[in-house]
>>> print(open('input.csv').read())   # CSV, C-alpha atoms
chain,number,residue,atom,x,y,z
N,16,MET,CA,48.8,23.2,47.1
N,17,ILE,CA,47.0,20.2,45.6
N,18,ARG,CA,46.3,17.5,48.2
N,19,LEU,CA,47.9,14.7,46.1
N,20,PRO,CA,51.6,15.6,45.9
N,21,VAL,CA,52.1,13.5,42.8
N,22,ILE,CA,49.7,15.8,40.9
N,23,GLU,CA,51.5,18.8,42.2
N,24,ARG,CA,54.9,17.5,41.1
N,25,GLY,CA,53.6,16.1,37.8
N,26,ARG,CA,54.4,12.7,36.4
N,27,GLY,CA,55.3,11.5,32.9
N,28,LEU,CA,57.2,12.9,30.0
N,29,ARG,CA,54.2,14.7,28.6
N,30,THR,CA,53.6,16.6,31.8
N,31,LEU,CA,57.3,17.5,32.3
N,32,ALA,CA,57.6,18.7,28.7
N,33,LEU,CA,54.6,20.9,28.9
N,34,ARG,CA,55.4,22.5,32.2
N,35,PRO,CA,57.7,25.2,30.8
N,36,VAL,CA,55.2,26.1,28.1
N,37,LEU,CA,52.4,26.4,30.7
N,38,ARG,CA,54.7,28.5,32.9
N,39,TRP,CA,55.5,30.7,30.0
N,40,PHE,CA,51.8,31.2,29.1
N,41,PHE,CA,50.1,31.3,32.5
N,42,GLY,CA,52.9,32.6,34.6
N,43,GLN,CA,53.6,31.1,38.1
N,44,PRO,CA,52.1,29.0,39.4
N,45,THR,CA,50.7,26.7,36.7
N,46,PRO,CA,46.9,26.6,37.2
N,47,GLY,CA,46.1,23.8,39.5
N,48,PHE,CA,43.4,22.2,37.4
N,49,VAL,CA,45.7,22.1,34.4
N,50,LYS,CA,48.0,19.9,36.6
N,51,VAL,CA,45.0,17.7,37.4
N,52,LEU,CA,44.1,17.4,33.7
N,53,LEU,CA,47.6,16.4,32.8
N,54,TYR,CA,47.8,13.7,35.6
N,55,ARG,CA,46.4,10.4,34.2
N,56,HIS,CA,45.4,12.4,31.1
N,57,LYS,CA,43.8,9.4,29.3
N,58,PHE,CA,41.8,8.5,32.4
N,59,PHE,CA,40.2,11.9,33.0
N,60,GLY,CA,41.8,15.0,31.4
N,61,LYS,CA,41.4,14.0,27.8
N,62,LEU,CA,37.8,12.7,28.3
N,63,VAL,CA,36.6,15.6,30.3
N,64,GLY,CA,38.3,18.0,27.9
N,65,ARG,CA,36.4,16.5,25.0
N,66,TYR,CA,33.1,16.7,26.9
N,67,GLY,CA,33.9,20.3,27.8
N,68,GLN,CA,34.6,21.2,24.2
N,69,ALA,CA,31.3,19.6,23.1
N,70,VAL,CA,29.3,21.3,25.8
N,71,LEU,CA,30.8,24.8,26.1
N,72,ARG,CA,31.7,25.2,22.4
N,73,GLY,CA,30.1,24.1,19.2
N,74,PRO,CA,26.7,24.9,17.8
N,75,SER,CA,24.0,25.7,20.3
N,76,ARG,CA,21.1,28.1,20.6
N,77,TRP,CA,23.0,29.3,23.7
N,78,SER,CA,26.0,31.5,22.9
N,79,VAL,CA,29.4,30.5,24.2
N,80,ALA,CA,29.2,33.4,26.7
N,81,GLU,CA,25.8,32.2,28.0
N,82,ARG,CA,27.1,28.6,28.4
N,83,GLU,CA,30.2,30.0,30.2
N,84,LEU,CA,27.8,32.0,32.4
N,85,PHE,CA,26.0,28.8,33.4
N,86,ALA,CA,29.3,27.1,34.1
N,87,ALA,CA,30.3,30.0,36.4
N,88,LEU,CA,27.0,30.1,38.3
N,89,VAL,CA,27.1,26.4,39.0
N,90,SER,CA,30.6,26.8,40.3
N,91,VAL,CA,29.5,29.6,42.6
N,92,GLU,CA,26.7,27.3,43.8
N,93,ASN,CA,29.2,24.6,44.5
N,94,GLN,CA,31.6,27.0,46.1
N,95,CYS,CA,34.3,26.2,43.7
N,96,GLY,CA,36.4,29.4,43.5
N,97,TYR,CA,38.8,28.1,40.9
N,98,CYS,CA,36.1,27.3,38.3
N,99,ALA,CA,33.9,30.3,39.2
N,100,GLY,CA,36.9,32.5,38.5
N,101,VAL,CA,37.9,30.9,35.2
N,102,HIS,CA,34.4,30.6,33.7
N,103,GLY,CA,33.3,34.0,35.0
N,104,ALA,CA,36.4,35.4,33.2
N,105,ASN,CA,35.4,33.5,30.0
N,106,ALA,CA,31.9,34.9,30.1
N,107,GLY,CA,33.5,38.3,30.8
N,108,VAL,CA,35.3,38.3,27.5
N,109,VAL,CA,32.0,38.9,25.8
N,110,LEU,CA,29.7,40.2,28.5
N,111,ASP,CA,30.1,43.1,30.8
N,112,ALA,CA,31.8,42.0,34.1
N,113,GLY,CA,29.0,43.6,36.1
N,114,VAL,CA,26.4,41.5,34.2
N,115,VAL,CA,28.4,38.3,34.8
N,116,ASP,CA,28.6,39.1,38.5
N,117,ASP,CA,24.9,39.9,38.9
N,118,VAL,CA,23.9,36.7,37.1
N,119,VAL,CA,26.2,34.2,38.8
N,120,HIS,CA,25.5,35.6,42.3
N,121,GLY,CA,21.8,35.6,41.6
N,122,ARG,CA,21.3,39.4,42.1
N,123,ASP,CA,19.8,40.0,38.7
N,124,PRO,CA,19.8,37.0,36.3
N,125,GLY,CA,17.7,39.0,33.9
N,126,ARG,CA,20.7,41.2,33.0
N,127,ALA,CA,21.9,38.5,30.6
N,128,GLY,CA,18.5,38.3,28.9
N,129,PRO,CA,15.1,36.6,29.6
N,130,ARG,CA,16.2,33.1,28.4
N,131,VAL,CA,19.1,33.1,30.8
N,132,ALA,CA,16.9,34.5,33.6
N,133,VAL,CA,14.6,31.5,33.3
N,134,MET,CA,17.4,28.9,33.2
N,135,VAL,CA,19.4,30.3,36.1
N,136,PRO,CA,17.1,29.3,39.0
N,137,PHE,CA,16.6,25.8,37.5
N,138,LEU,CA,20.3,25.2,37.2
N,139,ARG,CA,20.8,26.5,40.7
N,140,ARG,CA,18.3,24.1,42.1
N,141,LEU,CA,19.6,21.2,40.0
N,142,SER,CA,23.0,21.9,41.5
N,143,GLN,CA,21.6,21.6,45.0
N,144,GLY,CA,20.3,18.1,44.2
N,145,ALA,CA,18.6,16.1,41.5
N,146,ASP,CA,15.6,15.7,43.8
N,147,ARG,CA,15.2,19.5,43.9
N,148,ILE,CA,13.6,19.7,40.4
N,149,GLY,CA,10.2,18.5,39.2
N,150,PRO,CA,7.7,18.5,36.4
N,151,GLY,CA,6.7,22.0,37.2
N,152,ASP,CA,10.1,23.2,36.3
N,153,VAL,CA,9.9,21.6,32.9
N,154,VAL,CA,6.5,23.2,32.3
N,155,ALA,CA,8.0,26.6,33.4
N,156,LEU,CA,11.0,26.3,31.1
N,157,ARG,CA,8.9,25.3,28.1
N,158,SER,CA,6.3,28.0,28.8
N,159,ALA,CA,9.2,30.5,28.7
N,160,GLY,CA,9.9,29.4,25.1
N,161,LEU,CA,12.8,27.0,25.7
N,162,ASN,CA,12.7,23.8,23.8
N,163,ASP,CA,14.1,20.5,25.1
N,164,GLU,CA,17.4,20.9,23.2
N,165,GLU,CA,18.0,24.2,24.7
N,166,ILE,CA,17.2,22.9,28.2
N,167,LEU,CA,19.6,19.9,27.7
N,168,ASP,CA,22.4,22.1,26.3
N,169,ALA,CA,22.3,24.3,29.4
N,170,VAL,CA,22.1,21.3,31.7
N,171,HIS,CA,25.1,19.7,30.0
N,172,ALA,CA,27.1,22.9,30.8
N,173,ALA,CA,25.9,22.5,34.4
N,174,VAL,CA,26.8,18.8,34.5
N,175,LEU,CA,30.3,19.4,33.3
N,176,LEU,CA,30.9,21.8,36.1
N,177,GLU,CA,29.2,19.5,38.7
N,178,ILE,CA,31.9,17.1,37.8
N,179,CYS,CA,34.8,19.5,37.6
N,180,ASN,CA,33.8,21.5,40.7
N,181,ARG,CA,33.9,18.3,42.8
N,182,VAL,CA,37.3,17.2,41.5
N,183,VAL,CA,38.7,20.7,42.2
N,184,ASN,CA,37.2,21.0,45.6
N,185,ALA,CA,38.2,17.5,46.7
N,186,LEU,CA,41.7,17.8,45.5
N,187,GLY,CA,42.1,21.3,47.1
N,188,VAL,CA,42.9,23.2,43.9
N,189,GLU,CA,43.3,26.8,44.8
N,190,PRO,CA,41.5,29.7,43.0
N,191,MET,CA,43.7,31.8,40.7
N,192,ASP,CA,44.0,35.6,40.9
N,193,PRO,CA,42.0,37.7,38.5
N,194,ALA,CA,44.9,38.3,36.2
N,195,GLN,CA,45.5,34.5,35.9
N,196,ASN,CA,41.8,34.0,35.3
N,197,ARG,CA,41.9,36.5,32.4
N,198,ARG,CA,45.0,34.7,30.9
N,199,ALA,CA,43.2,31.4,31.2
N,200,ALA,CA,40.1,32.9,29.6
N,201,ARG,CA,42.1,34.2,26.6
N,202,PHE,CA,43.4,30.7,26.1
N,203,LEU,CA,40.1,28.9,26.5
N,204,MET,CA,38.1,31.3,24.4
N,205,ARG,CA,40.7,31.0,21.6
N,206,HIS,CA,41.5,27.2,21.8
N,207,GLY,CA,38.7,25.6,23.7
N,208,TYR,CA,38.9,22.7,26.0
N,209,ASP,CA,39.9,19.7,23.9
N,210,LEU,CA,43.6,19.8,24.6
F,19,MET,CA,47.3,18.5,21.5
F,20,LEU,CA,48.5,21.7,23.1
F,21,ARG,CA,49.1,24.2,20.4
F,22,CYS,CA,52.1,26.5,20.1
F,23,PRO,CA,51.9,29.2,22.7
F,24,LEU,CA,52.8,31.9,20.2
F,25,LEU,CA,49.5,31.1,18.4
F,26,VAL,CA,47.7,31.4,21.7
F,27,LEU,CA,48.5,35.0,21.9
F,28,GLY,CA,47.1,35.6,18.4
F,29,SER,CA,43.8,37.1,17.5
F,30,LEU,CA,41.3,36.9,20.3
F,31,SER,CA,38.2,38.2,18.8
F,32,PRO,CA,35.0,37.4,20.8
F,33,PRO,CA,33.5,34.1,19.8
F,34,SER,CA,30.4,34.3,17.6
F,35,ARG,CA,27.1,33.2,18.9
F,36,GLY,CA,26.8,29.6,17.7
F,37,SER,CA,23.0,29.7,17.3
F,38,ASP,CA,20.6,28.6,14.6
F,39,GLN,CA,23.3,26.8,12.6
F,40,VAL,CA,23.2,23.4,11.0
F,41,GLY,CA,24.1,20.7,13.5
F,42,VAL,CA,22.5,22.2,16.6
F,43,GLY,CA,20.2,19.2,17.0
F,44,LYS,CA,23.0,16.7,16.5
F,45,MET,CA,25.0,18.4,19.3
F,46,VAL,CA,22.7,17.1,22.0
F,47,ASN,CA,23.6,13.6,20.9
F,48,LEU,CA,27.3,14.5,20.7
F,49,ARG,CA,27.2,16.0,24.2
F,50,ARG,CA,25.5,12.9,25.6
F,51,ARG,CA,28.0,10.7,23.8
F,52,ARG,CA,31.0,12.6,25.2
F,53,LEU,CA,29.6,12.3,28.7
F,54,GLU,CA,29.1,8.5,28.2
F,55,GLU,CA,32.7,8.2,27.0
F,56,LEU,CA,33.9,10.0,30.1
F,57,ALA,CA,31.7,7.7,32.3
F,58,ASP,CA,32.9,4.6,30.4
F,59,GLY,CA,36.5,5.7,30.7
F,60,VAL,CA,36.3,6.4,34.4
F,61,GLY,CA,34.4,3.2,35.0
F,62,GLY,CA,36.3,1.1,32.5
F,63,ASP,CA,39.1,-1.4,32.7
F,64,ALA,CA,42.1,0.8,33.1
F,65,GLY,CA,42.5,1.7,36.8
F,66,VAL,CA,43.9,0.9,40.2
F,67,LEU,CA,40.6,0.5,41.9
F,68,PRO,CA,38.6,-2.4,40.7
F,69,GLY,CA,36.3,-1.6,37.8
F,70,GLY,CA,33.2,-2.6,39.7
F,71,VAL,CA,34.0,-0.1,42.4
F,72,ARG,CA,34.5,2.7,40.0
F,73,ARG,CA,31.4,1.8,38.1
F,74,ASP,CA,29.3,1.8,41.3
F,75,LEU,CA,30.5,5.3,42.0
F,76,VAL,CA,29.8,6.5,38.5
F,77,ASN,CA,26.3,5.0,38.9
F,78,GLY,CA,25.8,7.0,42.1
F,79,GLN,CA,26.1,4.0,44.4
F,80,GLY,CA,28.1,4.1,47.6
F,81,ILE,CA,31.1,2.0,48.4
F,82,VAL,CA,32.3,0.7,51.7
F,83,GLY,CA,35.4,1.7,53.7
F,84,ASP,CA,37.4,4.9,54.0
F,85,LEU,CA,37.2,5.6,50.3
F,86,GLY,CA,33.5,5.3,50.6
F,87,VAL,CA,33.5,8.2,53.1
F,88,LEU,CA,35.6,10.2,50.7
F,89,ALA,CA,33.2,9.4,47.8
F,90,GLU,CA,30.2,10.6,49.8
F,91,LEU,CA,31.9,13.9,50.5
F,92,VAL,CA,32.8,14.3,46.9
F,93,ALA,CA,29.3,13.5,45.8
F,94,ALA,CA,28.1,16.2,48.2
F,95,GLY,CA,30.2,18.8,46.5
F,96,GLY,CA,33.8,18.0,47.7
F,97,GLY,CA,34.1,21.2,49.8
F,98,ALA,CA,34.2,19.2,53.0
F,99,VAL,CA,37.2,17.1,52.0
F,100,THR,CA,40.2,18.0,54.1
F,101,ASP,CA,44.0,17.8,53.7
F,102,GLU,CA,44.1,15.6,56.7
F,103,GLN,CA,41.6,13.1,55.3
F,104,ILE,CA,43.6,12.7,52.1
F,105,ARG,CA,46.8,12.4,54.1
F,106,ARG,CA,45.3,9.6,56.2
F,107,LEU,CA,44.1,7.7,53.1
F,108,LEU,CA,47.6,7.8,51.7
F,109,VAL,CA,49.2,6.8,55.0
F,110,SER,CA,46.8,4.0,55.4
F,111,GLY,CA,48.0,2.4,52.2
F,112,HIS,CA,45.8,3.8,49.4
F,113,SER,CA,47.8,5.0,46.5
F,114,ALA,CA,47.4,8.5,45.0
F,115,ASP,CA,46.0,6.8,41.9
F,116,ALA,CA,43.3,5.1,44.0
F,117,VAL,CA,42.3,8.3,45.7
F,118,PHE,CA,42.3,10.2,42.4
F,119,GLU,CA,40.1,7.5,40.8
F,120,CYS,CA,37.7,7.6,43.7
F,121,VAL,CA,37.3,11.4,43.5
F,122,VAL,CA,36.8,11.4,39.7
F,123,ALA,CA,34.3,8.5,39.7
F,124,ALA,CA,32.2,10.0,42.5
F,125,ALA,CA,32.2,13.4,40.8
F,126,ALA,CA,31.2,11.8,37.5
F,127,GLY,CA,28.4,10.0,39.3
F,128,ALA,CA,27.0,13.3,40.8
F,129,GLY,CA,27.0,14.9,37.3
F,130,LEU,CA,25.4,11.9,35.6
F,131,GLU,CA,22.7,11.7,38.3
F,132,ARG,CA,21.6,15.3,37.5
F,133,LEU,CA,21.6,14.8,33.7
F,134,ARG,CA,19.5,11.6,34.1
F,135,ALA,CA,17.0,13.4,36.4
F,136,VAL,CA,16.5,16.1,33.8
F,137,GLU,CA,16.2,13.6,30.9
F,138,ARG,CA,13.6,11.6,32.9
F,139,LEU,CA,11.6,14.8,33.6
F,140,LEU,CA,11.6,15.8,29.9
F,141,GLN,CA,10.5,12.3,28.9
F,142,ASP,CA,7.8,12.2,31.5
F,143,CYS,CA,6.4,15.6,30.6
F,144,PRO,CA,5.4,15.4,27.0
F,145,PRO,CA,5.4,18.8,25.2
>>> encode(input="input.csv", output="structure tokens")
Amino acid sequence: MIRLPVIERGRGLRTLALRPVLRWFFGQPTPGFVKVLLYRHKFFGKLVGRYGQAVLRGPSRWSVAERELFAALVSVENQCGYCAGVHGANAGVVLDAGVVDDVVHGRDPGRAGPRVAVMVPFLRRLSQGADRIGPGDVVALRSAGLNDEEILDAVHAAVLLEICNRVVNALGVEPMDPAQNRRAARFLMRHGYDL
Amino acid sequence: MLRCPLLVLGSLSPPSRGSDQVGVGKMVNLRRRRLEELADGVGGDAGVLPGGVRRDLVNGQGIVGDLGVLAELVAAGGGAVTDEQIRRLLVSGHSADAVFECVVAAAAGAGLERLRAVERLLQDCPP
């Protein structure tokens, strides 16, 4: 149950009109974060959706699956079960579920390729705090062949989730079950985030 | 705009790798711009909390009072926020909108802080 009852109930014509559609697609209950995005949509949902679309979709030297993988691992780091489930399922549309699991839980980041393996520990430390990274990290990333664009693309995927994880955690949005995560993944991999 | 749910169930082929295409470089700027739009929106004029308070949170600065306590917990990850804490804020007279804005602004601040740290490092370490 979301901690702010007005978000749980929904407010405004747009939200009320969309509820049956969302129930039809996602089943019951409507994903908690969708309710958050619909609440004060212009203030947060619309803007974070546009940022998400730019970050997790669109041209990049990281594939969509790799960016979703970064999103999932940051969510695991922030102990955000909701986002870890959804973005892990997104990555799992393309990658083997075992690979996703090994990377996001830090067991074997190399399973998604050497570029991902280099980026994972950096994003994990960045998630622990901006003061946890230093010049040596940049040298290491560049030495591994990553250019600044690639580094920033991956960092934007992380930053998006640093924001969303906190909103989800603070508002008490509950994780979805695996079947709901797969439904959400089908939607997001098809339509993206700019809703 | 949410699209027709019938279309949602259409073809779901895996997305192609979006690499090495025209526009990759421009995307870094677009991503930065979209984040700035989010920060500007959250710290902008439309809100229940004063714009200055929201801007302070987006810029990673603390605020005083019980909302300040909430903002600190959000900046630290949000996992330590409790049902009781939110209930008390509402009972003590803060509106749901004010609590929501505080959460979103503090979260945006934590994200921006990390991006700025990486941008500074990249700038300070010439290739």
>>> interface_residues(input="input.csv", of="chain N", to="chain F", cutoff="6 Å", atoms="only C-alpha atoms", output="PyMOL selection string")
chain N and resi 18+62+66+69-70+74-76+78+145+174+177-178+181+184-185+210
>>> atom_distance(input="input.csv", atom1="atom CA of Gly128 of chain N", atom2="atom CA of Ala87 of chain N")
16.3 Å
>>> atom_distance(input="input.csv", atom1="atom CA of Glu81 of chain N", atom2="atom CA of Val131 of chain N")
7.3 Å
>>> residues_near_point(input="input.csv", point="(33.1, 23.2, 40.1)", cutoff="6 Å", atoms="all atoms listed in the file", output="PyMOL selection string")
chain N and resi 90+95+98+176-177+179-181
>>> residues_around(input="input.csv", residues="Arg139 of chain N", least_positions_apart="6", cutoff="8 Å", atoms="all atoms listed in the file", output="list in words")
Leu88, Val89 and Glu92 of chain N
>>> atom_distance(input="input.csv", atom1="atom CA of Gln68 of chain N", atom2="atom CA of Pro44 of chain N")
24.5 Å
>>> residues_around(input="input.csv", residues="Ala173 of chain N", least_positions_apart="6", cutoff="7 Å", atoms="only C-alpha atoms", output="PyMOL selection string")
chain N and resi 85-86+89+138
>>> residues_around(input="input.csv", residues="Val108 of chain N", least_positions_apart="4", cutoff="12 Å", atoms="all atoms listed in the file", output="PyMOL selection string")
(chain N and resi 79-81+83-84+101-104+112-115+196-205) or (chain F and resi 30-34)
>>> decode(input="input.csv", residues="segment 47-139 of chain F", atoms="C-alpha atoms", output="PDB file, in the first residue's frame")
ATOM      1  CA  ASN F  47      23.219  16.339 -24.590  1.00  0.00           C
ATOM      2  CA  LEU F  48      19.597  15.253 -24.871  1.00  0.00           C
ATOM      3  CA  ARG F  49      19.904  13.121 -21.755  1.00  0.00           C
ATOM      4  CA  ARG F  50      21.460  16.009 -19.834  1.00  0.00           C
ATOM      5  CA  ARG F  51      18.720  18.326 -21.066  1.00  0.00           C
ATOM      6  CA  ARG F  52      15.952  15.959 -20.033  1.00  0.00           C
ATOM      7  CA  LEU F  53      17.421  15.706 -16.544  1.00  0.00           C
ATOM      8  CA  GLU F  54      17.653  19.493 -16.342  1.00  0.00           C
ATOM      9  CA  GLU F  55      13.985  19.715 -17.380  1.00  0.00           C
ATOM     10  CA  LEU F  56      13.106  17.317 -14.581  1.00  0.00           C
ATOM     11  CA  ALA F  57      15.138  19.333 -12.074  1.00  0.00           C
ATOM     12  CA  ASP F  58      13.661  22.611 -13.316  1.00  0.00           C
ATOM     13  CA  GLY F  59      10.137  21.224 -13.138  1.00  0.00           C
ATOM     14  CA  VAL F  60      10.551  19.859  -9.626  1.00  0.00           C
ATOM     15  CA  GLY F  61      12.279  23.030  -8.441  1.00  0.00           C
ATOM     16  CA  GLY F  62      10.086  25.364 -10.477  1.00  0.00           C
ATOM     17  CA  ASP F  63       7.135  27.588  -9.735  1.00  0.00           C
ATOM     18  CA  ALA F  64       4.312  25.055  -9.630  1.00  0.00           C
ATOM     19  CA  GLY F  65       4.147  23.433  -6.237  1.00  0.00           C
ATOM     20  CA  VAL F  66       2.823  23.472  -2.717  1.00  0.00           C
ATOM     21  CA  LEU F  67       6.210  23.790  -1.033  1.00  0.00           C
ATOM     22  CA  PRO F  68       7.969  27.094  -1.685  1.00  0.00           C
ATOM     23  CA  GLY F  69      10.104  26.966  -4.816  1.00  0.00           C
ATOM     24  CA  GLY F  70      13.200  27.878  -2.791  1.00  0.00           C
ATOM     25  CA  VAL F  71      12.745  24.829  -0.570  1.00  0.00           C
ATOM     26  CA  ARG F  72      12.368  22.508  -3.529  1.00  0.00           C
ATOM     27  CA  ARG F  73      15.344  24.069  -5.295  1.00  0.00           C
ATOM     28  CA  ASP F  74      17.485  23.610  -2.175  1.00  0.00           C
ATOM     29  CA  LEU F  75      16.585  19.924  -2.131  1.00  0.00           C
ATOM     30  CA  VAL F  76      17.280  19.511  -5.840  1.00  0.00           C
ATOM     31  CA  ASN F  77      20.664  21.144  -5.248  1.00  0.00           C
ATOM     32  CA  GLY F  78      21.405  18.671  -2.483  1.00  0.00           C
ATOM     33  CA  GLN F  79      21.054  21.137   0.374  1.00  0.00           C
ATOM     34  CA  GLY F  80      19.222  20.250   3.563  1.00  0.00           C
ATOM     35  CA  ILE F  81      16.079  21.929   4.784  1.00  0.00           C
ATOM     36  CA  VAL F  82      14.917  22.446   8.358  1.00  0.00           C
ATOM     37  CA  GLY F  83      11.986  20.848  10.146  1.00  0.00           C
ATOM     38  CA  ASP F  84      10.296  17.483   9.917  1.00  0.00           C
ATOM     39  CA  LEU F  85      10.298  17.572   6.120  1.00  0.00           C
ATOM     40  CA  GLY F  86      14.055  18.042   6.354  1.00  0.00           C
ATOM     41  CA  VAL F  87      14.305  14.777   8.276  1.00  0.00           C
ATOM     42  CA  LEU F  88      12.293  13.062   5.568  1.00  0.00           C
ATOM     43  CA  ALA F  89      14.465  14.593   2.830  1.00  0.00           C
ATOM     44  CA  GLU F  90      17.623  13.298   4.521  1.00  0.00           C
ATOM     45  CA  LEU F  91      16.236   9.780   4.612  1.00  0.00           C
ATOM     46  CA  VAL F  92      15.206  10.008   0.969  1.00  0.00           C
ATOM     47  CA  ALA F  93      18.645  11.263  -0.046  1.00  0.00           C
ATOM     48  CA  ALA F  94      20.140   8.291   1.814  1.00  0.00           C
ATOM     49  CA  GLY F  95      18.101   5.870  -0.290  1.00  0.00           C
ATOM     50  CA  GLY F  96      14.576   6.139   1.069  1.00  0.00           C
ATOM     51  CA  GLY F  97      14.534   2.656   2.535  1.00  0.00           C
ATOM     52  CA  ALA F  98      14.444   3.930   6.122  1.00  0.00           C
ATOM     53  CA  VAL F  99      11.255   5.979   5.623  1.00  0.00           C
ATOM     54  CA  THR F 100       8.403   4.414   7.570  1.00  0.00           C
ATOM     55  CA  ASP F 101       4.608   4.356   7.336  1.00  0.00           C
ATOM     56  CA  GLU F 102       4.495   6.004  10.754  1.00  0.00           C
ATOM     57  CA  GLN F 103       6.762   8.851   9.707  1.00  0.00           C
ATOM     58  CA  ILE F 104       4.595   9.694   6.707  1.00  0.00           C
ATOM     59  CA  ARG F 105       1.433   9.360   8.805  1.00  0.00           C
ATOM     60  CA  ARG F 106       2.839  11.792  11.387  1.00  0.00           C
ATOM     61  CA  LEU F 107       3.729  14.321   8.705  1.00  0.00           C
ATOM     62  CA  LEU F 108       0.175  14.213   7.384  1.00  0.00           C
ATOM     63  CA  VAL F 109      -1.342  14.430  10.867  1.00  0.00           C
ATOM     64  CA  SER F 110       0.884  17.385  11.757  1.00  0.00           C
ATOM     65  CA  GLY F 111      -0.577  19.372   8.896  1.00  0.00           C
ATOM     66  CA  HIS F 112       1.645  18.728   5.887  1.00  0.00           C
ATOM     67  CA  SER F 113      -0.404  17.992   2.802  1.00  0.00           C
ATOM     68  CA  ALA F 114       0.158  14.896   0.691  1.00  0.00           C
ATOM     69  CA  ASP F 115       1.346  17.205  -2.083  1.00  0.00           C
ATOM     70  CA  ALA F 116       3.981  18.738   0.186  1.00  0.00           C
ATOM     71  CA  VAL F 117       5.267  15.320   1.260  1.00  0.00           C
ATOM     72  CA  PHE F 118       5.305  14.136  -2.350  1.00  0.00           C
ATOM     73  CA  GLU F 119       7.212  17.196  -3.509  1.00  0.00           C
ATOM     74  CA  CYS F 120       9.742  16.797  -0.708  1.00  0.00           C
ATOM     75  CA  VAL F 121      10.349  13.150  -1.654  1.00  0.00           C
ATOM     76  CA  VAL F 122      10.688  13.868  -5.375  1.00  0.00           C
ATOM     77  CA  ALA F 123      12.948  16.905  -4.899  1.00  0.00           C
ATOM     78  CA  ALA F 124      15.278  15.097  -2.487  1.00  0.00           C
ATOM     79  CA  ALA F 125      15.439  12.110  -4.843  1.00  0.00           C
ATOM     80  CA  ALA F 126      16.262  14.340  -7.807  1.00  0.00           C
ATOM     81  CA  GLY F 127      18.980  15.988  -5.732  1.00  0.00           C
ATOM     82  CA  ALA F 128      20.612  12.637  -4.990  1.00  0.00           C
ATOM     83  CA  GLY F 129      20.617  11.741  -8.679  1.00  0.00           C
ATOM     84  CA  LEU F 130      21.971  15.085  -9.818  1.00  0.00           C
ATOM     85  CA  GLU F 131      24.724  14.983  -7.216  1.00  0.00           C
ATOM     86  CA  ARG F 132      26.008  11.751  -8.728  1.00  0.00           C
ATOM     87  CA  LEU F 133      25.891  12.969 -12.305  1.00  0.00           C
ATOM     88  CA  ARG F 134      27.726  16.179 -11.391  1.00  0.00           C
ATOM     89  CA  ALA F 135      30.415  14.176  -9.592  1.00  0.00           C
ATOM     90  CA  VAL F 136      31.056  12.067 -12.693  1.00  0.00           C
ATOM     91  CA  GLU F 137      30.998  15.082 -15.014  1.00  0.00           C
ATOM     92  CA  ARG F 138      33.549  16.837 -12.781  1.00  0.00           C
ATOM     93  CA  LEU F 139      35.804  13.794 -12.785  1.00  0.00           C
TER      94      LEU F 139
END
